[in-house]
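Engineer: Structure file upload18.txt (compact mmCIF, C-alpha atoms and all ligand atoms) right here:
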```txt
# COMPACT_ATOMS: atom_id res chain seq x y z
CA MET H 778 77.51 137.52 83.77
CA ASN H 779 75.17 134.64 84.23
CA ARG H 780 77.56 131.73 84.26
CA ARG H 781 76.49 129.46 87.04
CA GLU H 782 79.80 127.70 87.08
CA VAL H 783 82.14 128.50 89.91
CA GLY H 784 85.39 126.82 90.81
CA ARG H 785 88.27 125.61 88.76
CA ARG H 786 88.12 123.38 85.74
CA VAL H 787 89.95 120.27 86.82
CA VAL H 788 91.02 116.99 85.27
CA PHE H 789 91.70 114.28 87.84
CA TRP H 790 94.16 111.70 86.55
CA ASP H 791 94.72 108.20 87.75
CA PHE H 792 98.42 107.37 87.88
CA ASP H 793 99.29 103.66 87.44
CA GLY H 794 98.30 102.40 84.02
CA THR H 795 97.13 105.85 82.98
CA LEU H 796 100.10 108.22 83.20
CA ALA H 797 102.92 105.86 84.19
CA ARG H 798 103.76 102.28 84.97
CA ARG H 799 106.26 100.46 87.14
CA ASP H 800 108.12 97.39 85.85
CA GLY H 801 106.42 94.37 87.42
CA MET H 802 104.30 96.61 89.60
CA TRP H 803 104.24 95.57 93.27
CA ALA H 804 105.49 92.06 92.58
CA GLY H 805 108.42 93.58 90.73
CA ALA H 806 109.26 95.78 93.69
CA LEU H 807 109.22 92.76 96.01
CA VAL H 808 111.62 90.91 93.73
CA ASP H 809 113.92 93.94 93.54
CA ALA H 810 113.96 94.26 97.35
CA LEU H 811 114.68 90.56 97.80
CA ALA H 812 117.50 90.65 95.25
CA LEU H 813 119.25 93.34 97.29
CA LEU H 814 119.74 90.75 100.04
CA GLY H 815 121.32 88.10 97.84
CA PRO H 816 120.73 85.89 94.82
CA THR H 817 117.14 84.69 94.48
CA ASP H 818 115.13 82.67 92.00
CA VAL H 819 111.81 84.13 93.18
CA THR H 820 110.05 85.87 90.28
CA ALA H 821 107.32 88.47 90.04
CA ASP H 822 105.03 85.80 88.61
CA ASP H 823 105.63 83.66 91.72
CA LEU H 824 104.68 86.52 94.03
CA ARG H 825 101.78 88.00 92.09
CA PRO H 826 99.10 85.51 93.23
CA HIS H 827 99.97 86.34 96.83
CA LEU H 828 99.52 90.07 96.32
CA ARG H 829 95.94 89.95 95.08
CA GLY H 830 94.54 91.06 98.41
CA GLY H 831 95.59 92.89 101.52
CA PHE H 832 96.43 96.27 100.03
CA PRO H 833 94.22 99.16 101.14
CA TRP H 834 92.72 99.51 97.65
CA HIS H 835 91.45 95.96 97.76
CA ARG H 836 88.93 97.10 100.39
CA PRO H 837 87.78 100.53 99.22
CA GLU H 838 84.70 100.31 101.44
CA VAL H 839 87.02 100.72 104.45
CA VAL H 840 87.97 104.31 105.27
CA VAL H 841 90.88 104.42 107.68
CA GLY H 842 91.49 108.18 107.65
CA PRO H 843 94.81 109.94 107.12
CA LEU H 844 97.96 108.03 108.01
CA GLU H 845 101.59 109.07 108.27
CA ALA H 846 103.85 107.35 105.75
CA THR H 847 105.52 105.14 108.37
CA ALA H 848 102.16 103.99 109.71
CA TRP H 849 100.95 103.22 106.19
CA TRP H 850 103.97 101.03 105.47
CA ARG H 851 103.68 99.37 108.89
CA ARG H 852 100.09 98.39 108.11
CA LEU H 853 101.18 96.84 104.84
CA SER H 854 104.22 94.99 106.15
CA ALA H 855 102.41 91.87 107.37
CA ARG H 856 100.92 91.44 103.89
CA LEU H 857 104.32 91.77 102.21
CA ILE H 858 106.00 89.39 104.64
CA GLY H 859 103.15 86.95 104.02
CA ALA H 860 103.73 87.09 100.26
CA TYR H 861 107.44 86.36 100.68
CA ARG H 862 106.71 83.51 103.09
CA ALA H 863 104.19 82.02 100.65
CA VAL H 864 106.92 81.58 98.05
CA GLY H 865 109.34 80.00 100.49
CA VAL H 866 111.42 82.95 101.69
CA ASP H 867 112.64 82.42 105.26
CA PRO H 868 111.16 84.66 107.99
CA ASP H 869 114.23 86.82 108.66
CA THR H 870 114.84 87.48 104.98
CA ALA H 871 111.14 88.18 104.41
CA THR H 872 111.19 90.79 107.16
CA ALA H 873 114.41 92.38 105.93
CA ALA H 874 113.21 92.50 102.33
CA THR H 875 109.87 94.01 103.35
CA ALA H 876 111.71 96.95 104.90
CA LEU H 877 113.23 97.67 101.47
CA VAL H 878 110.07 97.39 99.37
CA GLY H 879 108.98 101.03 99.66
CA GLU H 880 112.25 102.40 98.40
CA GLN H 881 112.30 99.87 95.57
CA TYR H 882 108.68 100.44 94.58
CA TYR H 883 109.26 104.19 94.22
CA ARG H 884 112.72 103.87 92.63
CA LEU H 885 112.67 106.35 89.77
CA ASP H 886 114.37 104.16 87.18
CA ALA H 887 111.71 101.44 87.59
CA TRP H 888 109.02 103.82 86.28
CA GLN H 889 108.23 105.04 82.82
CA LEU H 890 105.66 107.46 81.51
CA ILE H 891 102.97 105.97 79.31
CA ASP H 892 103.08 107.08 75.67
CA GLY H 893 101.09 110.24 75.25
CA ALA H 894 100.87 111.05 78.96
CA ARG H 895 102.83 114.27 78.82
CA PRO H 896 101.12 115.61 75.69
CA ALA H 897 97.76 114.69 77.25
CA LEU H 898 98.53 116.70 80.38
CA GLN H 899 99.77 119.60 78.26
CA LEU H 900 96.67 119.57 76.08
CA VAL H 901 94.16 119.91 78.91
CA GLN H 902 96.34 122.41 80.75
CA ALA H 903 96.52 124.58 77.64
CA ALA H 904 92.72 124.38 77.43
CA GLY H 905 92.43 125.89 80.90
CA TYR H 906 92.15 122.80 83.09
CA THR H 907 94.12 122.21 86.26
CA ASN H 908 95.70 118.75 86.38
CA VAL H 909 95.37 116.81 89.63
CA VAL H 910 96.62 113.27 90.15
CA LEU H 911 94.09 111.20 92.10
CA SER H 912 95.48 107.76 92.76
CA ASN H 913 95.19 104.69 94.95
CA HIS H 914 98.84 104.70 95.88
CA GLY H 915 101.40 104.77 98.64
CA PRO H 916 102.60 107.82 100.54
CA GLU H 917 105.55 108.68 98.30
CA LEU H 918 103.59 109.29 95.09
CA PRO H 919 103.93 113.11 95.21
CA GLU H 920 107.73 112.86 95.18
CA LEU H 921 107.62 110.34 92.33
CA VAL H 922 105.43 112.62 90.21
CA THR H 923 107.96 115.40 90.68
CA THR H 924 111.01 113.27 89.96
CA LEU H 925 109.34 111.92 86.81
CA GLY H 926 109.38 115.50 85.57
CA LEU H 927 105.65 116.17 85.72
CA GLY H 928 105.78 118.91 88.34
CA ASP H 929 105.15 121.67 85.80
CA LEU H 930 101.99 119.99 84.55
CA ILE H 931 100.38 118.76 87.76
CA ALA H 932 99.13 121.17 90.40
CA THR H 933 98.33 118.66 93.13
CA VAL H 934 98.93 114.99 93.83
CA ILE H 935 96.33 113.21 95.94
CA THR H 936 97.31 109.72 97.05
CA SER H 937 94.90 107.47 98.89
CA ALA H 938 97.58 106.55 101.43
CA LEU H 939 97.62 110.06 102.84
CA VAL H 940 93.84 110.53 102.60
CA GLY H 941 92.95 107.18 104.14
CA ALA H 942 90.30 106.39 101.54
CA GLU H 943 90.52 104.54 98.23
CA LYS H 944 88.80 104.97 94.89
CA PRO H 945 85.98 104.15 94.14
CA ASN H 946 84.91 105.27 97.63
CA PRO H 947 83.04 108.58 97.19
CA MET H 948 84.96 110.03 100.12
CA ILE H 949 88.23 110.36 98.21
CA PHE H 950 86.49 111.94 95.22
CA GLU H 951 84.76 114.47 97.47
CA HIS H 952 88.09 115.16 99.16
CA ALA H 953 89.73 115.67 95.77
CA ARG H 954 87.01 118.02 94.59
CA THR H 955 87.30 120.08 97.76
CA VAL H 956 91.09 120.40 97.91
CA SER H 957 91.37 121.21 94.22
CA GLY H 958 88.57 123.77 94.26
CA ALA H 959 86.91 121.99 91.35
CA GLY H 960 83.73 123.36 89.87
CA ALA H 961 81.18 121.63 87.68
CA ASP H 962 83.57 121.28 84.74
CA CYS H 963 85.72 118.46 86.07
CA TRP H 964 86.69 115.07 84.74
CA MET H 965 88.33 111.84 85.82
CA ILE H 966 90.62 109.99 83.40
CA GLY H 967 91.80 106.52 84.38
CA ASP H 968 92.36 102.95 83.29
CA ASN H 969 90.11 101.25 85.85
CA PRO H 970 86.41 101.03 84.97
CA ILE H 971 85.38 100.61 88.59
CA ALA H 972 87.83 102.65 90.69
CA ASP H 973 88.14 105.49 88.20
CA VAL H 974 85.07 105.58 85.98
CA ALA H 975 82.27 104.24 88.20
CA GLY H 976 83.77 105.93 91.26
CA ALA H 977 83.89 109.36 89.66
CA GLU H 978 80.46 109.04 88.07
CA SER H 979 78.95 108.07 91.42
CA VAL H 980 79.68 111.57 92.68
CA GLY H 981 78.76 113.34 89.45
CA ILE H 982 82.22 113.70 87.94
CA ARG H 983 82.37 112.87 84.23
CA ALA H 984 84.85 110.10 83.51
CA VAL H 985 86.78 108.69 80.58
CA LEU H 986 88.23 105.17 80.48
CA ALA H 987 91.84 105.48 79.30
CA ASP H 988 93.12 101.92 79.18
CA GLY H 989 94.78 102.18 75.79
CA VAL H 990 98.03 100.65 77.03
CA TYR H 991 96.40 97.25 77.35
CA PRO H 992 96.00 94.85 74.43
CA ASP H 993 92.33 94.28 75.35
CA ALA H 994 91.57 97.99 75.80
CA ARG H 995 87.90 98.93 75.87
CA GLY H 996 88.60 102.63 76.25
CA MET H 997 90.88 105.24 74.78
CA THR H 998 94.55 106.05 74.82
CA VAL H 999 95.46 108.70 77.37
CA LEU H 1000 95.99 111.31 74.65
CA ARG H 1001 92.66 110.52 73.00
CA ALA H 1002 91.00 110.83 76.40
CA ALA H 1003 92.50 114.29 76.83
CA GLU H 1004 91.27 115.27 73.36
CA HIS H 1005 87.81 114.04 74.32
CA VAL H 1006 87.81 116.19 77.45
CA VAL H 1007 88.94 119.29 75.61
CA GLY H 1008 86.49 118.75 72.78
CA THR H 1009 83.52 118.12 75.03
CA GLY H 1010 84.55 120.84 77.45
CA ALA H 1011 84.75 123.38 74.63
CA ARG H 1012 81.18 122.63 73.61
CA GLY H 1013 80.54 123.21 77.27
CA ALA H 1014 77.84 122.47 79.78
MG MG H 1101 95.31 102.74 87.28
```
Turn this file's structure into C-alpha cells for me.
Structural biologist:
Amino acid sequence: MNRREVGRRVVFWDFDGTLARRDGMWAGALVDALALLGPTDVTADDLRPHLRGGFPWHRPEVVVGPLEATAWWRRLSARLIGAYRAVGVDPDTATAATALVGEQYYRLDAWQLIDGARPALQLVQAAGYTNVVLSNHGPELPELVTTLGLGDLIATVITSALVGAEKPNPMIFEHARTVSGAGADCWMIGDNPIADVAGAESVGIRAVLADGVYPDARGMTVLRAAEHVVGTGARGA
C-alpha cells in the first residue's frame, strides 16, 4: 500500500449563502427584535448601511481567540445598539432590542435551506467525504444546523465565534483541518470568493465558488459544486 494520503476526506462548507439563508440576514433579525417591543417603521434596508462594519468577520486579520457565547454577544452589542441609534431608535429601546437579536437571528423559521443544499451534502457524503460546516457565524450555529435537519449529513460545525478567528484568516482553516482530521483530499465550498475561496487556497485547500443563488453568480450552484468535487476527487490526486 503506497498511498501517501492519510486523514479523512473532508468537504468544508460555508453556511450563509451556500447551504442556507436567513430572511433579511442580520438587518432582518434587528427588525424582528425591534418589532417584538412594539410597532416600528424601521426596515432592514434602513439598518443595513449601519451594519457594514463592526462584526468580527469584518476584521478577519484580528484573532481574538475562543469566546463563550455570552462574551461574543456582549462584544457585538455596542455595534447593534449603534445601528438602532443611527436609524432613530431611542437608547432604552435600542438596548432592549439588542438583547433579543440573538434569539431572533437564530429563529428556525427565519431560515431556509438553499435549493440543492441537501442533495449536495448527500452526494459528497456518499462519495466518502465527511461534511464539516466552516462558517463565519455566531455561537449558536451548531444548534441551528441540527434544527434545520442537517445533523445526519454534517459531522462537525465550526463557527468562527467559538474559534475566535474568521475566514479568510489561515488560523481558522488550520483549526478546521486539525479538528476534522482532514487529509490531502479536502475541499472548501462557499459563496464568498475571498473568505471561502482565497482563504482556503491560501492554506492549500482546494476551493469551489458556489454562489449560484445570486443573480450575478460567477460560480456554480451548490449541487454543481458538489458534483465537481466528487468528479475531481474520483480522478484523484
Ligand atoms: Mg457565505
Engineer: May I have the protein, DNA and RNA residues with any atom at most 12 Å from the point (113.6, 105.4, 97.6), counting only C-alpha atoms, written as a PDB file with C-alpha atoms, in the frame of the given file?
Structural biologist:
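Result file follows (point.pdb):
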```pdb
ATOM      1  CA  ALA H 806     109.260  95.780  93.690  1.00  0.00           C
ATOM      2  CA  ALA H 810     113.960  94.260  97.350  1.00  0.00           C
ATOM      3  CA  ALA H 876     111.710  96.950 104.900  1.00  0.00           C
ATOM      4  CA  LEU H 877     113.230  97.670 101.470  1.00  0.00           C
ATOM      5  CA  VAL H 878     110.070  97.390  99.370  1.00  0.00           C
ATOM      6  CA  GLY H 879     108.980 101.030  99.660  1.00  0.00           C
ATOM      7  CA  GLU H 880     112.250 102.400  98.400  1.00  0.00           C
ATOM      8  CA  GLN H 881     112.300  99.870  95.570  1.00  0.00           C
ATOM      9  CA  TYR H 882     108.680 100.440  94.580  1.00  0.00           C
ATOM     10  CA  TYR H 883     109.260 104.190  94.220  1.00  0.00           C
ATOM     11  CA  ARG H 884     112.720 103.870  92.630  1.00  0.00           C
ATOM     12  CA  LEU H 885     112.670 106.350  89.770  1.00  0.00           C
ATOM     13  CA  ASP H 886     114.370 104.160  87.180  1.00  0.00           C
ATOM     14  CA  ALA H 887     111.710 101.440  87.590  1.00  0.00           C
ATOM     15  CA  PRO H 916     102.600 107.820 100.540  1.00  0.00           C
ATOM     16  CA  GLU H 917     105.550 108.680  98.300  1.00  0.00           C
ATOM     17  CA  LEU H 918     103.590 109.290  95.090  1.00  0.00           C
ATOM     18  CA  GLU H 920     107.730 112.860  95.180  1.00  0.00           C
ATOM     19  CA  LEU H 921     107.620 110.340  92.330  1.00  0.00           C
ATOM     20  CA  THR H 924     111.010 113.270  89.960  1.00  0.00           C
TER      21      THR H 924
END
```
Engineer: How would you report the residues lying within 10 Å of ligand MG 1101 (chain H), as a count of residues only, if you count only C-alpha atoms and all ligand atoms?
Structural biologist: 22
Engineer: Here is a test: counting all atoms listed in the file, which residue of H:Asp867, H:Asp929, H:Glu838, H:Asp962 is nearest to Gly905 (chain H)?
Structural biologist: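 Looking only at the distances to Gly905 (chain H), the closest residue turns out to be H:Asp962.
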Engineer: Would you compute the distance between CA of Ser979 (chain H) and CA of His835 (chain H)? Give it in Å to one decimal.
Structural biologist: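 Between CA of Ser979 (chain H) and CA of His835 (chain H) the gap is 18.5 Å.
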Engineer: From the options H:Val819, H:Ile891, H:Ala863, H:Leu824, which residue's atoms come nearest to Gly989 (chain H), counting all atoms listed in the file?
Structural biologist: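 Using all atoms listed in the file, Gly989 (chain H) sits closest to H:Ile891.
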Engineer: Between CA of Leu930 (chain H) and CA of Val788 (chain H), what distance in Å does the model show, to one decimal?
Structural biologist: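 The value is 11.4 Å.
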Engineer: Show me, as an NGL selection string, the residues that have an atom within 12 Å of Pro816 (chain H) when counting all atoms listed in the file, minus same-chain residues fewer than 5 positions from it.
Structural biologist: :H and (808-811 or 866 or 870)
Engineer: Would you mind listing what lies within 12 Å of Val956 (chain H) as a count of residues only, with all atoms listed in the file counted and same-chain residues fewer than 6 positions away left out?
Structural biologist: 14
Engineer: For region 842-853 of chain H, which lacks atoms in the input, supply all heavy atoms and format the output as a CSV table (one decimal), in the frame of the given file.
Structural biologist:
```
chain,number,residue,atom,x,y,z
H,842,GLY,N,91.1,106.8,107.3
H,842,GLY,CA,91.5,108.2,107.6
H,842,GLY,C,93.0,108.4,107.4
H,842,GLY,O,93.7,107.4,107.1
H,843,PRO,N,93.4,109.6,107.5
H,843,PRO,CA,94.8,109.9,107.1
H,843,PRO,C,95.8,109.2,108.0
H,843,PRO,O,95.6,109.0,109.2
H,843,PRO,CB,94.9,111.5,107.4
H,843,PRO,CG,93.5,111.9,107.4
H,843,PRO,CD,92.7,110.8,107.9
H,844,LEU,N,96.9,108.7,107.3
H,844,LEU,CA,98.0,108.0,108.0
H,844,LEU,C,99.3,108.7,107.7
H,844,LEU,O,99.5,109.2,106.6
H,844,LEU,CB,98.0,106.6,107.6
H,844,LEU,CG,97.0,105.6,108.0
H,844,LEU,CD1,97.2,104.3,107.3
H,844,LEU,CD2,96.9,105.4,109.5
H,845,GLU,N,100.2,108.7,108.6
H,845,GLU,CA,101.6,109.1,108.3
H,845,GLU,C,102.2,108.0,107.4
H,845,GLU,O,101.8,106.8,107.5
H,845,GLU,CB,102.4,109.2,109.5
H,845,GLU,CG,101.8,110.2,110.5
H,845,GLU,CD,102.7,111.4,110.7
H,845,GLU,OE1,103.9,111.2,110.6
H,845,GLU,OE2,102.1,112.5,111.0
H,846,ALA,N,103.2,108.3,106.6
H,846,ALA,CA,103.8,107.4,105.8
H,846,ALA,C,104.3,106.1,106.5
H,846,ALA,O,104.1,105.0,106.1
H,846,ALA,CB,105.0,108.0,105.0
H,847,THR,N,105.0,106.3,107.6
H,847,THR,CA,105.5,105.1,108.4
H,847,THR,C,104.4,104.2,108.8
H,847,THR,O,104.5,103.0,108.8
H,847,THR,CB,106.4,105.6,109.6
H,847,THR,OG1,105.6,106.5,110.3
H,847,THR,CG2,107.7,106.2,109.1
H,848,ALA,N,103.3,104.8,109.3
H,848,ALA,CA,102.2,104.0,109.7
H,848,ALA,C,101.5,103.2,108.5
H,848,ALA,O,101.1,102.1,108.7
H,848,ALA,CB,101.1,104.9,110.4
H,849,TRP,N,101.5,103.9,107.4
H,849,TRP,CA,101.0,103.2,106.2
H,849,TRP,C,101.8,102.0,105.8
H,849,TRP,O,101.3,100.9,105.6
H,849,TRP,CB,100.9,104.2,105.0
H,849,TRP,CG,100.1,103.7,103.8
H,849,TRP,CD1,98.8,103.8,103.6
H,849,TRP,CD2,100.7,103.0,102.7
H,849,TRP,NE1,98.4,103.2,102.5
H,849,TRP,CE2,99.6,102.7,101.9
H,849,TRP,CE3,101.9,102.6,102.3
H,849,TRP,CZ2,99.7,102.0,100.7
H,849,TRP,CZ3,102.1,101.9,101.1
H,849,TRP,CH2,101.0,101.6,100.3
H,850,TRP,N,103.1,102.2,105.8
H,850,TRP,CA,104.0,101.0,105.5
H,850,TRP,C,103.9,99.9,106.5
H,850,TRP,O,104.0,98.8,106.2
H,850,TRP,CB,105.4,101.5,105.3
H,850,TRP,CG,105.6,102.2,103.9
H,850,TRP,CD1,105.7,103.5,103.7
H,850,TRP,CD2,105.6,101.6,102.6
H,850,TRP,NE1,105.8,103.8,102.4
H,850,TRP,CE2,105.8,102.6,101.7
H,850,TRP,CE3,105.5,100.3,102.2
H,850,TRP,CZ2,105.8,102.4,100.3
H,850,TRP,CZ3,105.6,100.0,100.8
H,850,TRP,CH2,105.7,101.1,99.9
H,851,ARG,N,103.8,100.4,107.8
H,851,ARG,CA,103.7,99.4,108.9
H,851,ARG,C,102.4,98.5,108.7
H,851,ARG,O,102.5,97.3,108.9
H,851,ARG,CB,103.7,100.1,110.2
H,851,ARG,CG,104.0,99.2,111.4
H,851,ARG,CD,104.0,99.9,112.7
H,851,ARG,NE,104.7,101.2,112.7
H,851,ARG,CZ,104.0,102.4,113.0
H,851,ARG,NH1,102.8,102.4,113.3
H,851,ARG,NH2,104.7,103.5,112.9
H,852,ARG,N,101.3,99.2,108.3
H,852,ARG,CA,100.1,98.4,108.1
H,852,ARG,C,100.2,97.4,107.0
H,852,ARG,O,99.6,96.3,107.0
H,852,ARG,CB,98.9,99.3,107.8
H,852,ARG,CG,98.4,100.1,109.0
H,852,ARG,CD,97.4,101.1,108.5
H,852,ARG,NE,96.2,100.5,107.9
H,852,ARG,CZ,95.1,100.2,108.6
H,852,ARG,NH1,95.0,100.6,109.8
H,852,ARG,NH2,94.0,99.7,108.0
H,853,LEU,N,101.0,97.7,106.0
H,853,LEU,CA,101.2,96.8,104.8
H,853,LEU,C,102.2,95.7,105.1
H,853,LEU,O,102.2,94.7,104.3
H,853,LEU,CB,101.6,97.7,103.6
H,853,LEU,CG,101.6,97.0,102.3
H,853,LEU,CD1,100.1,96.6,101.9
H,853,LEU,CD2,102.1,98.0,101.2
```
